[in-house]
>>> print(open('start00.txt').read())   # compact mmCIF, C-alpha atoms and all ligand atoms
# COMPACT_ATOMS: atom_id res chain seq x y z
CA MET G 1 69.01 126.66 108.80
CA ARG G 2 71.40 125.12 106.28
CA SER G 3 75.01 125.37 107.41
CA PRO G 4 77.04 128.02 105.54
CA ILE G 5 79.83 125.44 105.42
CA LEU G 6 77.60 123.22 103.23
CA ASP G 7 76.75 126.22 101.04
CA TYR G 8 80.45 126.85 100.65
CA LEU G 9 81.13 123.22 99.62
CA ASP G 10 78.26 123.47 97.07
CA SER G 11 79.93 126.55 95.64
CA ILE G 12 83.22 124.66 95.19
CA ILE G 13 81.39 121.97 93.20
CA ALA G 14 79.70 124.67 91.09
CA THR G 15 82.83 126.79 90.55
CA THR G 16 84.84 123.82 89.26
CA GLU G 17 82.15 122.47 86.95
CA HIS G 18 83.99 123.75 83.87
CA VAL G 19 87.10 121.67 84.67
CA ASP G 20 86.68 118.79 82.21
CA SER G 21 90.31 118.15 81.24
CA GLY G 22 91.93 114.73 81.56
CA SER G 23 90.32 111.34 81.24
CA THR G 24 89.32 108.38 83.38
CA ALA G 25 91.98 105.74 84.12
CA ASP G 26 92.22 103.70 80.94
CA TYR G 27 94.23 100.71 82.15
CA ILE G 28 91.46 99.43 84.45
CA PRO G 29 88.33 98.85 82.27
CA GLU G 30 85.90 99.27 85.17
CA LEU G 31 87.40 102.70 86.02
CA ALA G 32 87.58 103.74 82.36
CA ALA G 33 83.78 103.32 82.26
CA ALA G 34 83.10 105.63 85.25
CA ASP G 35 80.74 108.58 84.75
CA PRO G 36 83.28 111.42 84.32
CA THR G 37 80.85 114.17 85.33
CA ARG G 38 80.47 113.05 88.92
CA ALA G 39 81.97 115.29 91.60
CA ALA G 40 81.87 115.28 95.38
CA ILE G 41 83.58 116.96 98.31
CA ALA G 42 83.53 116.32 102.08
CA LEU G 43 85.17 117.89 105.07
CA CYS G 44 85.42 116.46 108.59
CA THR G 45 86.40 118.48 111.64
CA SER G 46 88.44 117.07 114.50
CA ASN G 47 85.23 116.62 116.53
CA GLY G 48 83.87 114.25 113.87
CA THR G 49 81.28 116.46 112.13
CA VAL G 50 81.17 115.62 108.41
CA TYR G 51 79.97 118.13 105.78
CA ALA G 52 79.52 116.71 102.28
CA SER G 53 78.28 118.05 98.97
CA GLY G 54 77.82 116.87 95.37
CA ASP G 55 77.67 113.12 94.68
CA ALA G 56 78.39 112.51 98.33
CA ASP G 57 76.77 109.06 98.52
CA HIS G 58 78.45 107.76 95.40
CA GLU G 59 80.85 104.90 96.16
CA PHE G 60 84.11 104.53 94.27
CA SER G 61 87.31 102.53 94.85
CA ILE G 62 89.84 103.89 97.29
CA GLN G 63 92.81 102.88 95.06
CA SER G 64 96.08 104.54 96.10
CA MET G 65 94.47 106.41 98.99
CA SER G 66 94.68 102.99 100.68
CA LYS G 67 98.48 103.19 100.60
CA PRO G 68 99.04 105.45 103.64
CA PHE G 69 96.72 103.30 105.76
CA ALA G 70 98.37 100.06 104.61
CA TYR G 71 101.73 101.63 105.46
CA ALA G 72 100.40 102.51 108.93
CA LEU G 73 99.29 98.91 109.50
CA ALA G 74 102.66 97.55 108.35
CA ILE G 75 104.40 99.92 110.79
CA GLU G 76 102.04 98.95 113.63
CA ASP G 77 102.76 95.26 112.83
CA HIS G 78 106.57 95.45 112.59
CA GLY G 79 107.75 98.78 114.00
CA LEU G 80 109.05 101.73 112.01
CA GLU G 81 112.70 100.61 111.80
CA TYR G 82 111.80 97.28 110.20
CA VAL G 83 109.64 98.96 107.56
CA LEU G 84 112.23 101.70 106.89
CA ASP G 85 114.81 98.97 106.26
CA ARG G 86 112.63 97.75 103.37
CA ILE G 87 110.95 100.87 101.92
CA GLY G 88 112.44 104.37 101.64
CA VAL G 89 110.81 107.75 102.25
CA GLU G 90 112.28 109.79 99.39
CA PRO G 91 110.04 111.34 96.72
CA SER G 92 110.73 109.46 93.49
CA GLY G 93 109.86 112.21 91.02
CA ASP G 94 108.53 109.36 88.87
CA ALA G 95 105.03 108.28 87.86
CA PHE G 96 103.13 106.13 90.37
CA ASN G 97 103.68 102.91 88.42
CA GLU G 98 107.43 103.28 87.75
CA LEU G 99 109.87 100.74 89.08
CA SER G 100 111.54 103.31 91.30
CA LEU G 101 114.23 101.63 93.30
CA ASP G 102 116.93 103.52 95.17
CA PRO G 103 120.09 102.68 93.19
CA GLU G 104 122.20 102.46 96.37
CA THR G 105 119.92 100.46 98.67
CA GLY G 106 117.80 98.61 96.09
CA LYS G 107 114.67 99.49 98.14
CA PRO G 108 111.47 100.97 96.65
CA ARG G 109 111.81 104.75 97.00
CA ASN G 110 108.65 105.28 99.04
CA PRO G 111 105.40 103.54 100.08
CA MET G 112 103.13 105.83 98.01
CA ILE G 113 104.25 104.58 94.58
CA ASN G 114 103.16 101.11 93.47
CA ALA G 115 106.59 99.49 93.95
CA GLY G 116 106.60 100.55 97.62
CA ALA G 117 102.90 99.84 98.11
CA ILE G 118 103.12 96.24 96.85
CA THR G 119 106.01 95.63 99.27
CA THR G 120 104.00 97.38 102.02
CA HIS G 121 101.02 95.11 101.43
CA SER G 122 103.24 92.03 101.72
CA LEU G 123 104.38 93.26 105.15
CA ILE G 124 100.86 93.25 106.64
CA ASN G 125 100.52 90.19 108.84
CA SER G 126 97.66 87.75 108.53
CA GLU G 127 96.05 86.85 111.86
CA GLY G 128 94.69 83.30 112.08
CA GLU G 129 91.82 83.14 109.59
CA LYS G 130 92.15 86.82 108.76
CA THR G 131 94.16 87.63 105.64
CA ALA G 132 96.06 90.90 105.18
CA VAL G 133 93.14 92.11 103.01
CA ASP G 134 90.61 91.23 105.76
CA ARG G 135 92.69 93.20 108.23
CA MET G 136 92.92 96.16 105.85
CA LEU G 137 89.14 96.18 105.40
CA GLU G 138 88.61 96.00 109.15
CA TYR G 139 91.01 98.92 109.55
CA PHE G 140 89.21 100.97 106.89
CA GLY G 141 85.97 100.14 108.74
CA ASP G 142 87.40 101.45 112.04
CA LEU G 143 88.66 104.59 110.30
CA ALA G 144 85.37 105.30 108.47
CA ASP G 145 83.18 104.02 111.34
CA ARG G 146 81.15 101.76 109.04
CA PRO G 147 81.78 98.40 107.33
CA ILE G 148 83.90 98.72 104.17
CA ARG G 149 83.85 96.06 101.41
CA VAL G 150 85.77 95.25 98.26
CA ASP G 151 84.08 96.25 94.98
CA GLU G 152 84.52 92.85 93.30
CA ALA G 153 83.87 94.24 89.79
CA VAL G 154 86.72 96.75 90.19
CA ALA G 155 89.05 94.16 91.76
CA ASN G 156 88.41 91.60 88.98
CA SER G 157 88.75 94.23 86.29
CA GLU G 158 92.13 95.35 87.60
CA LEU G 159 93.32 91.79 88.25
CA ALA G 160 92.58 90.89 84.65
CA THR G 161 94.83 93.70 83.36
CA ALA G 162 97.44 93.83 86.15
CA HIS G 163 100.37 93.17 83.83
CA ARG G 164 102.36 96.19 84.88
CA ASN G 165 101.93 95.64 88.64
CA LEU G 166 102.77 91.94 88.18
CA GLY G 167 105.83 92.97 86.21
CA LEU G 168 106.85 95.35 89.00
CA ALA G 169 106.32 92.66 91.65
CA TYR G 170 108.44 90.09 89.80
CA LEU G 171 111.24 92.63 89.32
CA LEU G 172 111.01 93.55 93.02
CA HIS G 173 111.11 89.85 93.92
CA GLY G 174 114.05 89.25 91.59
CA SER G 175 116.03 92.10 93.13
CA GLY G 176 115.30 90.92 96.68
CA ALA G 177 113.06 93.86 97.61
CA LEU G 178 109.89 91.72 97.82
CA PRO G 179 110.50 88.47 99.68
CA ALA G 180 106.82 87.39 99.43
CA ASP G 181 105.19 85.64 96.46
CA PRO G 182 104.77 88.29 93.69
CA THR G 183 101.35 87.14 92.39
CA GLU G 184 99.88 86.84 95.88
CA SER G 185 101.23 90.26 96.87
CA VAL G 186 99.73 91.93 93.78
CA THR G 187 96.37 90.17 94.25
CA GLY G 188 96.17 91.34 97.87
CA TYR G 189 97.32 94.85 96.97
CA ILE G 190 94.72 95.15 94.20
CA ARG G 191 91.93 94.00 96.53
CA GLN G 192 93.09 96.55 99.10
CA CYS G 193 92.85 99.22 96.33
CA ALA G 194 89.32 98.07 95.37
CA ALA G 195 87.78 98.90 98.78
CA SER G 196 84.63 100.89 98.12
CA VAL G 197 84.21 104.28 99.85
CA THR G 198 82.41 107.64 99.68
CA VAL G 199 83.94 111.09 100.16
CA SER G 200 82.40 111.16 103.66
CA ASP G 201 84.22 107.93 104.58
CA LEU G 202 87.45 109.37 103.26
CA ALA G 203 86.99 112.67 105.10
CA LEU G 204 86.61 110.73 108.36
CA MET G 205 89.70 108.66 107.57
CA ALA G 206 91.66 111.83 106.83
CA ALA G 207 90.29 113.50 109.97
CA THR G 208 91.68 110.60 112.03
CA LEU G 209 95.13 111.51 110.69
CA ALA G 210 94.43 115.20 111.38
CA ASN G 211 93.53 114.20 114.90
CA GLY G 212 96.85 112.51 115.75
CA GLY G 213 95.51 109.01 114.99
CA VAL G 214 92.35 109.23 117.10
CA GLN G 215 89.12 108.54 115.17
CA PRO G 216 87.11 111.69 115.94
CA LYS G 217 83.71 109.97 116.30
CA THR G 218 84.61 106.83 118.23
CA GLY G 219 87.63 108.19 120.09
CA LYS G 220 89.60 105.01 119.21
CA GLN G 221 93.36 105.50 118.85
CA LEU G 222 93.90 103.84 115.44
CA LEU G 223 97.51 104.92 114.88
CA CYS G 224 100.07 105.87 117.47
CA ARG G 225 101.11 109.53 117.38
CA ARG G 226 104.60 108.75 116.11
CA THR G 227 103.32 106.64 113.19
CA ASN G 228 100.75 109.33 112.44
CA ARG G 229 103.39 112.05 112.20
CA HIS G 230 105.63 109.84 110.06
CA LEU G 231 102.74 109.02 107.75
CA LEU G 232 101.75 112.66 107.26
CA SER G 233 105.35 113.55 106.44
CA VAL G 234 105.50 110.83 103.77
CA MET G 235 102.15 111.99 102.35
CA ALA G 236 103.40 115.58 102.20
CA SER G 237 106.57 114.67 100.32
CA CYS G 238 105.42 111.70 98.19
CA GLY G 239 101.61 111.53 98.22
CA MET G 240 101.03 113.26 94.89
CA TYR G 241 103.80 111.37 93.02
CA ASP G 242 105.65 113.46 90.43
CA ALA G 243 103.35 116.44 91.17
CA ALA G 244 104.24 116.43 94.90
CA GLY G 245 106.35 119.61 94.81
CA ASN G 246 103.77 121.57 92.86
CA TRP G 247 101.04 120.32 95.20
CA LEU G 248 102.92 121.27 98.35
CA THR G 249 103.56 124.79 97.09
CA THR G 250 100.01 125.43 95.87
CA VAL G 251 97.65 123.44 98.12
CA GLY G 252 100.16 122.92 100.91
CA ILE G 253 98.67 120.00 102.83
CA PRO G 254 99.68 116.32 103.17
CA ALA G 255 97.56 114.41 100.66
CA LYS G 256 97.07 111.20 98.71
CA SER G 257 95.31 110.64 95.43
CA GLY G 258 93.75 107.52 93.90
CA VAL G 259 93.33 106.56 90.29
CA ALA G 260 89.52 106.30 90.60
CA GLY G 261 89.52 110.09 91.08
CA GLY G 262 89.64 110.59 94.84
CA ILE G 263 92.06 112.78 96.81
CA ILE G 264 92.33 113.00 100.60
CA GLY G 265 94.00 115.90 102.37
CA VAL G 266 94.94 116.32 106.02
CA LEU G 267 95.40 119.57 107.86
CA PRO G 268 97.05 118.46 111.13
CA GLY G 269 95.08 119.47 114.22
CA GLN G 270 92.18 120.81 112.15
CA ILE G 271 90.39 118.92 109.41
CA GLY G 272 90.36 116.03 106.98
CA VAL G 273 89.05 116.65 103.47
CA ALA G 274 88.21 114.44 100.51
CA VAL G 275 87.27 115.23 96.93
CA PHE G 276 86.20 113.03 94.02
CA SER G 277 85.99 113.43 90.25
CA PRO G 278 87.09 110.64 87.89
CA ARG G 279 89.03 112.47 85.16
CA LEU G 280 92.79 112.31 85.79
CA ASP G 281 95.58 114.67 84.81
CA ALA G 282 98.93 113.54 83.39
CA HIS G 283 100.19 112.62 86.89
CA GLY G 284 97.23 110.33 87.59
CA ASN G 285 95.64 112.83 90.02
CA SER G 286 92.00 113.92 89.64
CA ALA G 287 92.07 117.11 87.54
CA ARG G 288 88.88 118.62 88.98
CA GLY G 289 89.81 117.23 92.40
CA VAL G 290 93.07 119.21 92.31
CA ALA G 291 91.10 122.33 91.30
CA MET G 292 88.66 121.80 94.20
CA MET G 293 91.51 121.36 96.68
CA GLU G 294 93.31 124.46 95.39
CA LEU G 295 90.17 126.53 95.90
CA LEU G 296 89.51 125.11 99.34
CA SER G 297 93.06 125.71 100.48
CA GLU G 298 93.10 129.27 99.15
CA ASP G 299 89.66 130.27 100.50
CA MET G 300 90.02 128.64 103.88
CA GLY G 301 93.69 129.45 104.39
CA LEU G 302 94.67 125.80 104.83
CA HIS G 303 98.23 126.01 103.51
CA LEU G 304 100.48 124.37 106.08
CA MET G 305 103.34 126.79 105.46
CA GLU G 306 101.21 129.86 106.11
CA ALA G 307 102.99 131.50 109.05
CA THR G 308 100.21 131.82 111.59
CA ARG G 309 99.96 134.48 114.28
CA PRO G 310 102.81 133.94 116.75
CA SER G 311 101.55 132.24 119.90
CA ARG G 312 100.71 134.81 122.55
CA SER G 313 102.78 134.98 125.68
CA SER G 314 101.88 132.35 128.25
CA LEU G 315 102.47 134.89 131.05
CA ARG G 316 99.14 136.63 131.60
CA GLU G 317 100.22 138.65 134.62
CA THR G 318 102.56 138.70 137.60
CA GLN G 319 100.96 139.41 140.98
CA LEU G 320 102.71 140.37 144.19
CA VAL G 321 100.41 139.42 147.09
CA SER G 322 100.55 139.08 150.87
CA LEU G 323 99.05 135.90 152.20
CA VAL G 324 96.81 135.67 155.26
CA ASP G 325 99.71 134.31 157.32
CA GLY G 326 101.74 137.41 156.54
CA THR G 327 104.15 135.92 154.00
CA GLU G 328 104.55 137.54 150.61
CA ALA G 329 104.18 135.62 147.38
CA THR G 330 104.77 136.16 143.67
CA ILE G 331 102.06 134.59 141.53
CA TYR G 332 102.71 133.99 137.84
CA VAL G 333 99.34 133.58 136.12
CA LEU G 334 99.82 131.46 132.98
CA GLN G 335 97.48 130.96 130.04
CA GLY G 336 96.93 129.10 126.75
CA ASP G 337 99.17 126.45 125.23
CA LEU G 338 102.65 126.27 126.65
CA VAL G 339 105.01 125.89 123.70
CA LEU G 340 108.58 127.12 123.41
CA SER G 341 107.67 130.49 121.90
CA SER G 342 104.96 131.22 124.47
CA ILE G 343 106.87 130.09 127.57
CA GLU G 344 110.01 131.99 126.60
CA SER G 345 108.51 135.26 127.86
CA LEU G 346 107.90 133.71 131.31
CA VAL G 347 111.46 132.39 131.50
CA GLN G 348 112.81 135.74 130.33
CA GLU G 349 110.77 137.56 133.01
CA ILE G 350 112.15 135.26 135.74
CA VAL G 351 115.73 135.62 134.49
CA THR G 352 115.66 139.42 134.16
CA HIS G 353 113.44 140.18 137.17
CA PRO G 354 113.93 137.33 139.66
CA PRO G 355 111.01 137.02 142.09
CA ARG G 356 111.46 139.21 145.18
CA THR G 357 109.54 136.85 147.46
CA ASP G 358 110.64 133.42 148.69
CA LEU G 359 107.29 131.92 147.78
CA VAL G 360 106.60 131.57 144.07
CA VAL G 361 103.26 130.29 142.74
CA PHE G 362 102.58 129.23 139.15
CA ASP G 363 98.85 129.46 138.57
CA MET G 364 98.09 127.16 135.62
CA SER G 365 94.29 127.23 135.93
CA ARG G 366 94.02 128.88 132.48
CA VAL G 367 96.56 126.65 130.74
CA ASP G 368 95.19 124.40 127.96
CA GLU G 369 98.09 122.17 127.01
CA VAL G 370 101.76 121.84 127.91
CA MET G 371 104.05 120.67 125.12
CA PRO G 372 107.05 118.49 126.10
CA VAL G 373 109.51 121.29 125.30
CA ALA G 374 107.65 123.64 127.67
CA GLU G 375 107.55 121.01 130.42
CA ARG G 376 111.29 120.46 130.09
CA THR G 377 112.00 124.20 130.17
CA SER G 378 109.73 124.63 133.22
CA SER G 379 111.43 121.75 135.07
CA GLU G 380 114.81 123.35 134.49
CA THR G 381 113.55 126.76 135.58
CA ALA G 382 112.01 125.18 138.69
CA ALA G 383 115.31 123.45 139.56
CA LYS G 384 117.21 126.73 139.31
CA LEU G 385 114.65 128.54 141.49
CA ILE G 386 114.77 125.78 144.14
CA GLU G 387 118.57 125.91 144.16
CA GLU G 388 118.39 129.64 144.81
CA GLY G 389 116.21 128.97 147.86
CA TYR G 390 112.72 129.67 146.54
CA ARG G 391 109.67 127.59 147.54
CA ILE G 392 107.59 126.71 144.48
CA ILE G 393 103.91 125.84 144.30
CA VAL G 394 101.97 124.82 141.23
CA VAL G 395 98.20 125.31 140.90
CA ASP G 396 97.12 122.96 138.12
CA PRO G 397 93.46 121.95 138.46
CA GLU G 398 93.28 120.51 134.91
CA GLY G 399 96.31 118.27 135.48
CA THR G 400 98.19 119.70 132.49
CA VAL G 401 101.48 118.69 134.14
CA GLU G 402 100.71 115.67 136.28
CA ASN G 403 103.49 114.62 138.66
CA PHE G 404 105.37 117.79 137.78
CA ALA G 405 108.96 117.56 139.04
CA ASP G 406 111.99 119.77 138.60
CA SER G 407 114.84 118.59 136.36
CA HIS G 408 116.47 116.85 139.38
CA GLY G 409 113.34 114.80 139.93
CA ARG G 410 112.13 116.74 142.99
CA THR G 411 108.32 116.73 143.12
CA ILE G 412 106.83 120.21 143.14
CA GLU G 413 104.24 121.08 145.79
CA ARG G 414 100.70 121.50 144.41
CA TRP G 415 97.79 123.60 145.62
CA THR G 416 94.18 123.50 144.52
CA PRO G 417 92.68 126.82 143.32
CA GLU G 418 90.71 126.87 146.62
CA GLN G 419 93.92 126.57 148.65
CA LEU G 420 95.32 129.50 146.69
CA SER G 421 92.28 131.74 147.18
CA ASP G 422 92.10 130.81 150.92
CA ALA G 423 95.78 131.66 151.33
CA VAL G 424 95.42 135.02 149.61
CA ARG G 425 92.18 136.07 151.29
N1 LIG G 501 95.37 99.98 91.97
C1 LIG G 501 96.01 101.03 91.26
C2 LIG G 501 97.30 100.54 90.61
O1 LIG G 501 98.02 99.85 91.22
C3 LIG G 501 96.30 102.17 92.18
C4 LIG G 501 97.06 103.30 91.50
C5 LIG G 501 96.61 104.64 91.92
O2 LIG G 501 95.56 104.84 92.52
N2 LIG G 501 97.39 105.63 91.57
O3 LIG G 501 97.61 100.84 89.48
>>> encode(input="start00.txt", output="structure tokens")
Amino acid sequence: MRSPILDYLDSIIATTEHVDSGSTADYIPELAAADPTRAAIALCTSNGTVYASGDADHEFSIQSMSKPFAYALAIEDHGLEYVLDRIGVEPSGDAFNELSLDPETGKPRNPMINAGAITTHSLINSEGEKTAVDRMLEYFGDLADRPIRVDEAVANSELATAHRNLGLAYLLHGSGALPADPTESVTGYIRQCAASVTVSDLALMAATLANGGVQPKTGKQLLCRRTNRHLLSVMASCGMYDAAGNWLTTVGIPAKSGVAGGIIGVLPGQIGVAVFSPRLDAHGNSARGVAMMELLSEDMGLHLMEATRPSRSSLRETQLVSLVDGTEATIYVLQGDLVLSSIESLVQEIVTHPPRTDLVVFDMSRVDEVMPVAERTSSETAAKLIEEGYRIIVVDPEGTVENFADSHGRTIERWTPEQLSDAVR
């Protein structure tokens, strides 16, 4: 049976067929000559399953969709503070190839426009024989889980007409924002942009970002969680250049476009998507690609600002039981993800109806994940209960709170589910 998800992706390609506005990038001859009728879409879930439709095997250059990944590598090489000292994170409101420098700091406004991306590229370390471009390609390969190469025809074509980027780089160099050699930085940056990919590769790369930096197929942690979050924030505010505000209100997911016609989108915790169609709108974003993403977001309810159902209470039930040795115990049976909104009802229950038994058991057998805020709140609640003379036991077979201690550092006694059922029997 063909997956209905594939049928749905086919329908997006069909429904947007009439979108033929815009034109291929004219300042790079090789891109200007692209077949404008091509279209493709791919979606990758956080378990690594890729669904692709249209010209899914067609390779095209990654262009500016390389920028977030280059930025990630620069941050992994030097640390966030170092990179933030050199490149800002404010949307520029300008076209991607403007010389947008913050008038106060003299830094490029953000790493998604060319000024910031050329500086970013110059921050990627070489390692022995490996140049920054070699490292970028290796990184793309890890993200896409297959070898990624430079399309030499695209790279040479752009290098031959790179006057504007060279101009930007010399101005950046002259104003102190690009310490490296301007020509070398632009050459490396252009080769990074000429990496050849398909929509399926891009969907996997985007899914890695959706997955907190863990490549969903190989399980490799390719970005640390903090860098991943930072990156997605910059994509959300700056990824679509001077159309970023319109994009965030309509499609509502962190994204990045490229001048060859690709767009990647990331729905944190859920999916990575990629679309391709070479004709560009006035902002340099794929016109049909934007239409495909708008449809997808609307139909699948992907908008990040959609207020989802409030998380259900983490307190499933409160049991008052007598144990085999005659003592009485209060058992709080918890469930789901413990976040602030779900754990609040447990805390409120304990505050308004303090347990009437000295022994208090938290049964966490049905808990999936405990967020730091919930762990902190639980530690503080545990400390208060201990101070009031209660004995606390945690049943946590999945190890959702390993080494759980109260906020004074006192380790909390643990029981296995078997110990609990033996004690109650
Ligand atoms: N290599 C292209 C350039 O620098 C990338 C621009 C883009 O994709 N928006 O002009």
>>> closest_residue(input="start00.txt", among="G:Ala95, G:Met293, G:Ala383, G:Val150", to="Ala243 in chain G", atoms="all atoms listed in the file")
G:Ala95
>>> residues_near_ligand(input="start00.txt", ligand="ligand LIG 501 (chain G)", cutoff="7 Å", atoms="all atoms listed in the file", output="VMD selection string")
chain G and resid 63 to 65 96 to 97 114 165 190 193 257 to 260 284
>>> write_last_selection(input="start00.txt", atoms="C-alpha atoms", output="compact mmCIF listing (two decimals), in the coordinates of the input")
# COMPACT_ATOMS: atom_id res chain seq x y z
CA GLN G 63 92.81 102.88 95.06
CA SER G 64 96.08 104.54 96.10
CA MET G 65 94.47 106.41 98.99
CA PHE G 96 103.13 106.13 90.37
CA ASN G 97 103.68 102.91 88.42
CA ASN G 114 103.16 101.11 93.47
CA ASN G 165 101.93 95.64 88.64
CA ILE G 190 94.72 95.15 94.20
CA CYS G 193 92.85 99.22 96.33
CA SER G 257 95.31 110.64 95.43
CA GLY G 258 93.75 107.52 93.90
CA VAL G 259 93.33 106.56 90.29
CA ALA G 260 89.52 106.30 90.60
CA GLY G 284 97.23 110.33 87.59
>>> closest_residue(input="start00.txt", among="G:Arg164, G:Arg316, G:Arg425, G:Arg279", to="Val367 in chain G", atoms="only C-alpha atoms")
G:Arg316
>>> residues_near_point(input="start00.txt", point="(108.3, 97.8, 99.3)", cutoff="9 Å", atoms="only C-alpha atoms", output="list in words")
Val83, Arg86, Ile87, Gly88, Lys107, Pro108, Arg109, Asn110, Pro111, Asn114, Ala115, Gly116, Ala117, Ile118, Thr119, Thr120, His121, Ser122, Leu123, Leu172, Ala177 and Leu178 of chain G
>>> residues_around(input="start00.txt", residues="Gly272 in chain G", least_positions_apart="3", cutoff="12 Å", atoms="all atoms listed in the file", output="PyMOL selection string")
chain G and resi 41-52+144+199-213+215-216+232+253-256+263-269+275+293+296-297+302
>>> atom_distance(input="start00.txt", atom1="CA of Gly141 in chain G", atom2="CA of Lys67 in chain G")
15.2 Å
>>> residues_around(input="start00.txt", residues="Val424 in chain G", least_positions_apart="6", cutoff="7 Å", atoms="all atoms listed in the file", output="mmCIF file with C-alpha atoms, in the frame of the given file")
data_model
loop_
_atom_site.group_PDB
_atom_site.id
_atom_site.type_symbol
_atom_site.label_atom_id
_atom_site.label_comp_id
_atom_site.auth_asym_id
_atom_site.auth_seq_id
_atom_site.Cartn_x
_atom_site.Cartn_y
_atom_site.Cartn_z
ATOM 1 C CA SER G 322 100.550 139.080 150.870
ATOM 2 C CA LEU G 323 99.050 135.900 152.200
ATOM 3 C CA VAL G 324 96.810 135.670 155.260
#
